[in-house]
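As stored in my_file.csv (CSV, C-alpha atoms and all ligand atoms):
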```csv
chain,number,residue,atom,x,y,z
A,102,MET,CA,32.1,56.2,118.3
A,103,SER,CA,35.5,57.6,117.6
A,104,LEU,CA,37.8,60.3,118.5
A,105,GLN,CA,39.7,61.9,115.6
A,106,VAL,CA,42.6,64.2,116.1
A,107,ILE,CA,43.1,67.0,113.6
A,108,THR,CA,46.4,69.0,113.6
A,109,LEU,CA,46.1,71.0,110.3
A,110,THR,CA,43.7,73.8,109.6
A,111,LYS,CA,43.2,72.6,106.0
A,112,ASP,CA,42.2,69.1,107.3
A,113,LEU,CA,39.8,70.8,109.8
A,114,LYS,CA,38.2,72.8,106.9
A,115,SER,CA,37.7,69.7,104.7
A,116,ILE,CA,36.2,67.7,107.6
A,117,ARG,CA,34.0,70.5,108.6
A,118,ASP,CA,32.6,70.8,105.1
A,119,THR,CA,31.0,67.4,105.5
A,120,LEU,CA,29.1,68.2,108.7
A,121,SER,CA,26.0,70.2,109.5
A,122,LYS,CA,26.1,73.2,111.8
A,123,LYS,CA,23.1,72.0,113.9
A,124,ASP,CA,25.1,69.0,115.0
A,125,ILE,CA,28.1,70.7,116.5
A,126,GLY,CA,29.1,71.7,120.0
A,127,LEU,CA,32.5,73.3,120.6
A,128,VAL,CA,34.6,73.4,123.8
A,129,PRO,CA,37.7,75.6,123.3
A,130,THR,CA,40.5,74.9,125.7
A,131,MET,CA,44.3,75.4,126.2
A,132,GLY,CA,44.6,71.8,127.1
A,133,ASN,CA,46.0,70.2,130.3
A,134,LEU,CA,42.5,69.0,130.9
A,135,HIS,CA,41.0,68.7,134.3
A,136,GLN,CA,37.5,68.0,135.6
A,137,GLY,CA,36.5,71.6,134.9
A,138,HIS,CA,37.2,71.1,131.2
A,139,ILE,CA,35.7,67.6,131.2
A,140,SER,CA,32.5,69.0,132.7
A,141,LEU,CA,32.1,71.3,129.7
A,142,ILE,CA,33.0,68.4,127.3
A,143,GLU,CA,30.3,66.3,129.0
A,144,MET,CA,27.7,69.1,128.6
A,145,SER,CA,28.5,69.2,124.8
A,146,LEU,CA,28.4,65.4,124.5
A,147,ASN,CA,25.0,65.4,126.2
A,148,GLU,CA,23.6,68.1,123.9
A,149,ASN,CA,25.1,67.5,120.5
A,150,PRO,CA,25.7,64.6,118.1
A,151,ILE,CA,29.2,65.9,117.4
A,152,THR,CA,31.7,67.6,119.8
A,153,PHE,CA,34.8,69.5,118.8
A,154,VAL,CA,37.4,70.1,121.5
A,155,THR,CA,40.2,72.5,120.6
A,156,ILE,CA,43.5,72.4,122.4
A,157,PHE,CA,45.6,75.4,121.6
A,158,VAL,CA,47.8,77.4,124.0
A,159,ASN,CA,47.0,80.8,122.4
A,160,PRO,CA,50.1,83.1,122.6
A,161,LYS,CA,48.0,86.2,121.9
A,162,GLN,CA,46.2,86.0,125.2
A,163,PHE,CA,49.5,85.9,127.3
A,164,GLY,CA,51.2,89.2,128.2
A,165,PRO,CA,55.0,89.6,127.6
A,166,ASN,CA,55.9,88.6,131.2
A,167,GLU,CA,53.4,85.9,131.7
A,168,ASP,CA,53.6,82.1,131.8
A,169,LEU,CA,53.2,81.2,128.1
A,170,LYS,CA,56.5,79.2,128.0
A,171,LYS,CA,55.8,77.1,131.1
A,172,TYR,CA,52.1,76.7,130.5
A,173,PRO,CA,51.6,72.9,130.8
A,174,ARG,CA,51.2,71.0,127.5
A,175,THR,CA,50.0,67.4,128.0
A,176,LEU,CA,48.3,66.4,124.7
A,177,GLU,CA,48.5,62.6,125.1
A,178,ASP,CA,47.0,62.7,128.6
A,179,ASP,CA,44.3,65.1,127.4
A,180,LEU,CA,43.4,62.7,124.6
A,181,ASN,CA,43.2,59.8,127.0
A,182,SER,CA,40.9,61.8,129.3
A,183,ILE,CA,38.6,62.6,126.4
A,184,ARG,CA,38.6,59.0,125.3
A,185,LYS,CA,37.8,57.9,128.8
A,186,ILE,CA,34.8,60.2,129.2
A,187,ASN,CA,33.5,59.2,125.7
A,188,GLN,CA,33.3,55.6,126.8
A,189,LYS,CA,30.1,56.7,128.5
A,190,TYR,CA,28.7,58.8,125.7
A,191,LYS,CA,30.0,57.0,122.6
A,192,LYS,CA,29.7,60.1,120.4
A,193,GLN,CA,31.8,61.5,117.6
A,194,ILE,CA,34.5,63.8,118.9
A,195,PHE,CA,37.0,65.8,116.9
A,196,VAL,CA,40.0,67.2,118.8
A,197,PHE,CA,41.6,70.1,116.9
A,198,ALA,CA,45.1,70.4,118.3
A,199,PRO,CA,47.2,72.5,115.9
A,200,THR,CA,50.8,71.4,116.0
A,201,SER,CA,52.1,74.8,115.0
A,202,ILE,CA,50.9,78.4,116.0
A,203,LYS,CA,51.0,79.2,112.3
A,204,GLU,CA,47.9,76.9,111.8
A,205,ILE,CA,46.0,79.6,113.6
A,206,TYR,CA,48.1,82.7,112.9
A,207,PRO,CA,49.9,82.4,109.5
A,208,ASP,CA,52.8,84.7,108.9
A,209,ASN,CA,50.7,87.4,107.4
A,210,PHE,CA,47.9,87.3,110.1
A,211,SER,CA,47.1,90.9,111.1
A,212,SER,CA,43.5,91.0,112.5
A,213,THR,CA,42.3,91.6,116.0
A,214,ILE,CA,38.8,91.1,117.4
A,215,LYS,CA,38.3,93.6,120.3
A,216,VAL,CA,35.3,93.9,122.6
A,217,ASP,CA,35.4,97.3,124.4
A,218,GLY,CA,34.1,98.3,127.8
A,219,ILE,CA,33.7,95.1,129.7
A,220,THR,CA,37.4,94.2,128.9
A,221,ASN,CA,38.7,97.3,130.7
A,222,ILE,CA,37.9,96.1,134.3
A,223,LEU,CA,39.1,93.2,136.5
A,224,CYS,CA,41.5,91.0,134.6
A,225,GLY,CA,41.6,93.5,131.7
A,226,LYS,CA,43.3,96.1,134.0
A,227,SER,CA,46.3,94.0,134.8
A,228,ARG,CA,46.3,92.0,131.5
A,229,PRO,CA,45.5,94.8,129.0
A,230,THR,CA,45.9,92.7,125.8
A,231,HIS,CA,44.5,89.4,127.3
A,232,PHE,CA,40.9,89.7,126.1
A,233,ASP,CA,41.8,90.8,122.6
A,234,GLY,CA,43.8,87.6,122.4
A,235,VAL,CA,40.9,85.5,123.7
A,236,THR,CA,38.3,87.1,121.4
A,237,THR,CA,40.6,86.8,118.3
A,238,VAL,CA,41.3,83.1,118.8
A,239,VAL,CA,37.7,82.3,119.8
A,240,TYR,CA,36.3,84.2,116.7
A,241,LYS,CA,38.8,82.3,114.5
A,242,LEU,CA,37.7,78.9,116.1
A,243,PHE,CA,34.1,79.9,115.6
A,244,SER,CA,34.7,80.7,111.9
A,245,LEU,CA,36.6,77.4,111.3
A,246,ILE,CA,34.3,75.1,113.2
A,247,LYS,CA,30.9,76.9,112.9
A,248,PRO,CA,29.3,75.3,115.9
A,249,LEU,CA,25.7,75.7,117.0
A,250,LYS,CA,26.7,75.9,120.7
A,251,SER,CA,29.9,76.6,122.5
A,252,TYR,CA,30.7,76.0,126.1
A,253,PHE,CA,32.6,78.2,128.5
A,254,GLY,CA,33.3,77.9,132.2
A,255,GLU,CA,32.0,80.4,134.8
A,256,LYS,CA,35.4,80.1,136.3
A,257,ASP,CA,36.5,82.7,133.8
A,258,TYR,CA,33.3,84.8,134.3
A,259,GLN,CA,34.5,88.0,132.7
A,260,GLN,CA,35.7,85.9,129.6
A,261,LEU,CA,32.3,84.3,129.4
A,262,LEU,CA,30.6,87.7,129.3
A,263,VAL,CA,33.1,89.0,126.8
A,264,ILE,CA,32.5,86.1,124.5
A,265,LYS,CA,28.7,86.5,124.8
A,266,LYS,CA,29.1,90.2,123.9
A,267,MET,CA,31.2,89.4,120.9
A,268,THR,CA,28.7,86.8,119.7
A,269,THR,CA,25.8,89.2,120.1
A,270,ASP,CA,27.5,92.3,118.6
A,271,LEU,CA,28.7,90.4,115.6
A,272,ASP,CA,25.5,88.3,115.1
A,273,LEU,CA,27.5,85.1,115.2
A,274,GLU,CA,24.4,82.9,115.9
A,275,ILE,CA,26.2,80.6,118.3
A,276,ASP,CA,24.7,79.8,121.7
A,277,ILE,CA,27.2,80.5,124.5
A,278,ILE,CA,26.5,78.0,127.2
A,279,PRO,CA,28.0,78.5,130.7
A,280,GLY,CA,29.3,75.7,132.9
A,281,LYS,CA,29.5,75.8,136.7
A,282,ILE,CA,32.9,76.1,138.4
A,283,ILE,CA,34.4,72.7,139.3
A,284,ARG,CA,36.3,72.8,142.6
A,285,ASP,CA,38.7,70.5,144.5
A,286,THR,CA,37.3,69.0,147.7
A,287,ASP,CA,39.0,71.8,149.7
A,288,GLY,CA,37.2,74.5,147.7
A,289,LEU,CA,40.0,75.6,145.4
A,290,ALA,CA,38.7,76.1,141.9
A,291,LEU,CA,40.4,73.7,139.5
A,292,SER,CA,42.9,75.4,137.2
A,293,SER,CA,45.8,74.2,135.0
A,294,ARG,CA,47.9,76.8,137.0
A,295,ASN,CA,47.3,75.0,140.4
A,296,GLN,CA,50.1,72.6,139.5
A,297,PHE,CA,52.6,75.5,139.8
A,298,LEU,CA,51.8,75.6,143.5
A,299,ASN,CA,53.6,73.6,146.2
A,300,PRO,CA,51.5,72.1,149.0
A,301,ASP,CA,52.0,75.2,151.2
A,302,GLN,CA,51.0,77.6,148.4
A,303,LYS,CA,47.9,75.4,147.7
A,304,LYS,CA,46.8,76.1,151.2
A,305,GLN,CA,47.5,79.8,150.8
A,306,ALA,CA,45.4,79.8,147.7
A,307,LEU,CA,42.3,78.9,149.7
A,308,ILE,CA,42.2,82.6,150.7
A,309,LEU,CA,40.4,83.0,147.4
A,310,PRO,CA,37.3,80.8,147.9
A,311,THR,CA,37.1,81.5,151.7
A,312,THR,CA,37.3,85.3,151.3
A,313,LEU,CA,34.6,85.2,148.6
A,314,GLN,CA,32.4,83.0,150.7
A,315,SER,CA,32.7,85.2,153.8
A,316,ILE,CA,32.0,88.4,151.9
A,317,LYS,CA,28.9,86.8,150.4
A,318,GLU,CA,27.7,85.9,153.9
A,319,GLN,CA,28.1,89.6,154.8
A,320,VAL,CA,26.0,90.7,151.8
A,321,LEU,CA,23.3,88.2,152.6
A,322,LYS,CA,22.9,89.5,156.2
A,323,TYR,CA,21.1,92.5,154.8
A,324,LYS,CA,17.9,92.9,152.8
A,325,CYS,CA,19.4,94.9,150.0
A,326,TRP,CA,22.6,96.4,148.6
A,327,LYS,CA,21.5,99.8,149.8
A,328,GLU,CA,21.8,98.6,153.4
A,329,SER,CA,24.9,96.5,153.0
A,330,LYS,CA,27.0,98.5,150.6
A,331,GLU,CA,29.0,100.6,153.0
A,332,ILE,CA,30.0,97.8,155.3
A,333,VAL,CA,30.8,95.4,152.4
A,334,LYS,CA,32.9,97.9,150.5
A,335,GLN,CA,34.8,98.6,153.7
A,336,ILE,CA,35.4,94.8,154.3
A,337,ILE,CA,36.7,94.5,150.7
A,338,GLN,CA,39.0,97.5,151.1
A,339,ASP,CA,40.3,96.2,154.5
A,340,THR,CA,40.9,92.7,152.9
A,341,ILE,CA,42.9,94.2,150.1
A,342,ASN,CA,44.9,96.5,152.4
A,343,LYS,CA,45.8,93.6,154.6
A,344,ASN,CA,47.4,91.6,151.8
A,345,PRO,CA,49.2,93.1,148.8
A,346,ASP,CA,48.9,89.9,146.9
A,347,TRP,CA,45.3,90.7,145.9
A,348,ASP,CA,45.3,91.8,142.3
A,349,TYR,CA,41.7,92.7,142.7
A,350,LEU,CA,38.7,91.8,144.8
A,351,GLU,CA,35.4,93.3,143.6
A,352,ILE,CA,31.7,92.9,143.8
A,353,TYR,CA,29.5,93.4,140.7
A,354,ASN,CA,26.0,93.0,139.3
A,355,SER,CA,26.5,89.6,137.7
A,356,ASP,CA,24.2,90.2,134.7
A,357,ARG,CA,26.3,93.1,133.4
A,358,LEU,CA,29.5,93.2,135.4
A,359,THR,CA,28.7,96.7,136.5
A,360,PRO,CA,28.7,98.1,140.1
A,361,PRO,CA,25.7,96.8,142.1
A,362,GLU,CA,22.8,99.2,142.4
A,363,ASP,CA,20.6,99.6,145.4
A,364,GLN,CA,18.1,97.0,144.2
A,365,THR,CA,20.6,94.6,142.6
A,366,VAL,CA,19.6,90.9,143.2
A,367,ASN,CA,22.2,89.0,141.2
A,368,PHE,CA,25.7,89.5,142.5
A,369,ILE,CA,29.1,88.2,141.7
A,370,LEU,CA,32.2,88.5,143.8
A,371,LEU,CA,35.4,88.2,141.8
A,372,GLY,CA,39.0,87.9,143.0
A,373,ALA,CA,42.5,87.6,141.6
A,374,PHE,CA,45.3,86.6,143.9
A,375,LYS,CA,49.1,86.2,143.3
A,376,ILE,CA,51.0,83.4,145.0
A,377,GLY,CA,54.6,83.7,144.0
A,378,SER,CA,54.7,84.0,140.2
A,379,THR,CA,51.3,82.3,139.9
A,380,ARG,CA,48.1,84.4,139.5
A,381,LEU,CA,44.8,82.6,140.3
A,382,ILE,CA,41.3,83.8,139.8
A,383,ASP,CA,38.0,82.8,141.3
A,384,ASN,CA,34.5,84.1,141.7
A,385,LEU,CA,31.2,83.4,143.5
A,386,LEU,CA,27.8,84.0,142.0
A,387,PHE,CA,24.8,84.5,144.4
A,388,LYS,CA,21.4,86.0,144.6
A,389,LEU,CA,19.7,88.1,147.3
A,390,LYS,CA,16.5,86.5,148.5
A,391,ILE,CA,13.6,88.9,147.9
B,1,LIG,P1,41.4,77.1,129.6
B,1,LIG,O1,42.0,75.8,129.1
B,1,LIG,O2,42.0,77.5,130.9
B,1,LIG,O3,41.4,78.1,128.6
B,1,LIG,O4,39.9,76.8,129.9
B,1,LIG,C1,39.0,76.3,128.9
B,1,LIG,C2,37.6,76.4,129.4
B,1,LIG,O5,37.5,75.6,130.6
B,1,LIG,C3,37.2,77.8,129.7
B,1,LIG,O6,35.9,78.0,129.3
B,1,LIG,C4,37.3,77.9,131.2
B,1,LIG,O7,36.4,78.8,131.8
B,1,LIG,C5,36.9,76.4,131.6
B,1,LIG,N1,37.3,76.1,132.9
B,1,LIG,C6,38.6,76.2,133.4
B,1,LIG,N2,38.7,75.8,134.7
B,1,LIG,C7,37.4,75.5,135.1
B,1,LIG,C8,36.8,75.1,136.3
B,1,LIG,N3,37.5,74.9,137.4
B,1,LIG,N4,35.4,74.8,136.3
B,1,LIG,C9,34.7,75.0,135.1
B,1,LIG,N5,35.2,75.4,134.0
B,1,LIG,C10,36.5,75.7,133.9
```

Any chance you could give the structure as structure tokens?
Ligand code: AMP
Amino acid sequence: MSLQVITLTKDLKSIRDTLSKKDIGLVPTMGNLHQGHISLIEMSLNENPITFVTIFVNPKQFGPNEDLKKYPRTLEDDLNSIRKINQKYKKQIFVFAPTSIKEIYPDNFSSTIKVDGITNILCGKSRPTHFDGVTTVVYKLFSLIKPLKSYFGEKDYQQLLVIKKMTTDLDLEIDIIPGKIIRDTDGLALSSRNQFLNPDQKKQALILPTTLQSIKEQVLKYKCWKESKEIVKQIIQDTINKNPDWDYLEIYNSDRLTPPEDQTVNFILLGAFKIGSTRLIDNLLFKLKI
């Protein structure tokens, strides 16, 4: 089957009018596709007759001093990667890649979708407008494409929960399906921002997965959070104190992104780390054996 590229919102709307909601899976991306994105696209290809992939570097989710200008834009390569994976599935794929920001945000656009609470912690602290930008664009893509299911990576775990909350709060009736983090062989989570790193910095970046892993092992040495919390909190604090490049390093109950309670079973460790002007995030989900 074919891949069709759509660049105009009016074309997207008229194509969408011919399709049924129950057939559609959506994978929103900012492009520069790597195996993390492809794994989400494959999930959608497996589960839906029709897959929409959107490729849009969304200016609203970048802060004023962030890397919007230099964010990699590689549309032709992205289309080739999607074509290649679809040789296996032979499904109908539409790629919506607006050529102009105005296709998404026309001149008189003045709305914001905001999820409160969960957006005030972790990435929301150092990127205060980021999640409003994410929810606004994702809501707009949901409205335009009206998928039955949409796929988001656990790599951006806070984003995944924010989107789930928006979908529940606003009764959007779209299944939000999580995809596992895809990592390089050395453990570094794949990210379009990894290419800003030189080989030395790539090695430095391994501090993210290795630190998360070693703190997880500390937590798992104990029967419950009640027993481990003092030592684990101290280890986290010492780690941050040792290296000012940590933006955050925190442990939460993974179901709600709230601080663990004495009897919490499902945990997530989340870290954000700066290497030069590049900020990387990673996380590690795990369960206590009970
Ligand atoms: P982005 O293009 O960075 O906006 O990411 C688009 C989608 O791909 C989001 O749902 C991300 O969470 C997901 N994603 C990015 N990197 C990875 C990865 N290494 N593993 C799995 N999913 C990822």

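Here atom CA of Tyr172 of chain A stands at a distance of 9.0 Å from atom CA of Met131 of chain A.
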
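You can rank A:Tyr252, A:Phe195, A:Trp347, A:Phe153 by their closest distance to ligand LIG 1 (chain B) using all atoms listed in the file, and at the top of that list sits A:Tyr252.
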
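Atom CA of Thr312 of chain A lies 9.2 Å from atom CA of Ile337 of chain A.
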
Would you list the contacts of Pro248 of chain A as a tab-separated table (two decimals) with C-alpha atoms, keeping the file's coordinate frame, taking every protein, DNA or RNA residue within 6 Å and counting all atoms listed in the file, but skipping same-chain residues closer than 3 positions in sequence?
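Okay, this is what ended up in around28.tsv:
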```
chain	number	residue	atom	x	y	z
A	122	LYS	CA	26.10	73.20	111.80
A	125	ILE	CA	28.10	70.70	116.50
A	126	GLY	CA	29.10	71.70	120.00
```

Could you give me, as a Markdown table, every chain A residue with an atom at most 6 Å from ligand LIG 1 (chain B), plus its closest atom pair and distance in Å to one decimal, counting only C-alpha atoms and all ligand atoms, rows ordered by chain then number?
```
| residue | atom | partner | partner_atom | distance |
| --- | --- | --- | --- | --- |
| A:Pro129 | CA | B:LIG1 | C1 | 5.8 |
| A:Thr130 | CA | B:LIG1 | C1 | 3.8 |
| A:Met131 | CA | B:LIG1 | O1 | 3.7 |
| A:Gly132 | CA | B:LIG1 | O1 | 5.2 |
| A:Gly137 | CA | B:LIG1 | N4 | 3.7 |
| A:His138 | CA | B:LIG1 | O5 | 4.5 |
| A:Phe253 | CA | B:LIG1 | O6 | 3.4 |
| A:Gly254 | CA | B:LIG1 | O7 | 3.3 |
| A:Glu255 | CA | B:LIG1 | O7 | 5.6 |
| A:Lys256 | CA | B:LIG1 | O7 | 4.8 |
| A:Asp257 | CA | B:LIG1 | O7 | 4.4 |
| A:Gly280 | CA | B:LIG1 | C9 | 5.9 |
| A:Lys281 | CA | B:LIG1 | C9 | 5.5 |
| A:Ile282 | CA | B:LIG1 | N4 | 3.5 |
| A:Ile283 | CA | B:LIG1 | N4 | 3.8 |
| A:Arg284 | CA | B:LIG1 | N3 | 5.7 |
| A:Ala290 | CA | B:LIG1 | N3 | 4.8 |
| A:Leu291 | CA | B:LIG1 | N3 | 3.8 |
| A:Ser292 | CA | B:LIG1 | N2 | 4.9 |
```

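Interatomic distance, atom CA of Ile183 of chain A against atom CA of Pro207 of chain A: 28.4 Å.
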
Thr155 of chain A proximity check over A:Phe232, A:Tyr349, A:Tyr190, A:Phe243, using all atoms listed in the file: winner is A:Phe243

Lys171 of chain A environment, 10 Å, all atoms listed in the file, sequence neighbours closer than 3 positions dropped, as a count of residues only: 5

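Counting only C-alpha atoms and comparing A:Asp285, A:Pro279, A:Leu127, A:Arg357, the residue that lies closest to Phe197 of chain A is A:Leu127.
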
Shell around Leu381 of chain A at 9 Å using all atoms listed in the file, local window under 2 positions removed, as a PyMOL selection string:
chain A and resi 292+294-295+306+309+372-376+379+383

In the coordinates of the file, take the point (47.8, 78.5, 120.0) and a cut-off of 12 Å; then, counting only C-alpha atoms, name each qualifying protein, DNA or RNA residue as a ChimeraX atom specification. /A:108,129-132,155-163,169-170,172,174,197-207,234-235,237-239,241-242

In terms of all atoms listed in the file, the residue from A:Glu318, A:Asp356, A:Asp301, A:Asp178 at minimal distance from Val263 of chain A is A:Asp356

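Of the residues under consideration (A:Leu385, A:Ile186, A:Leu350, A:Leu370), A:Ile186 shows the shortest atom-to-atom contact distance to Gln136 of chain A when counting only C-alpha atoms.
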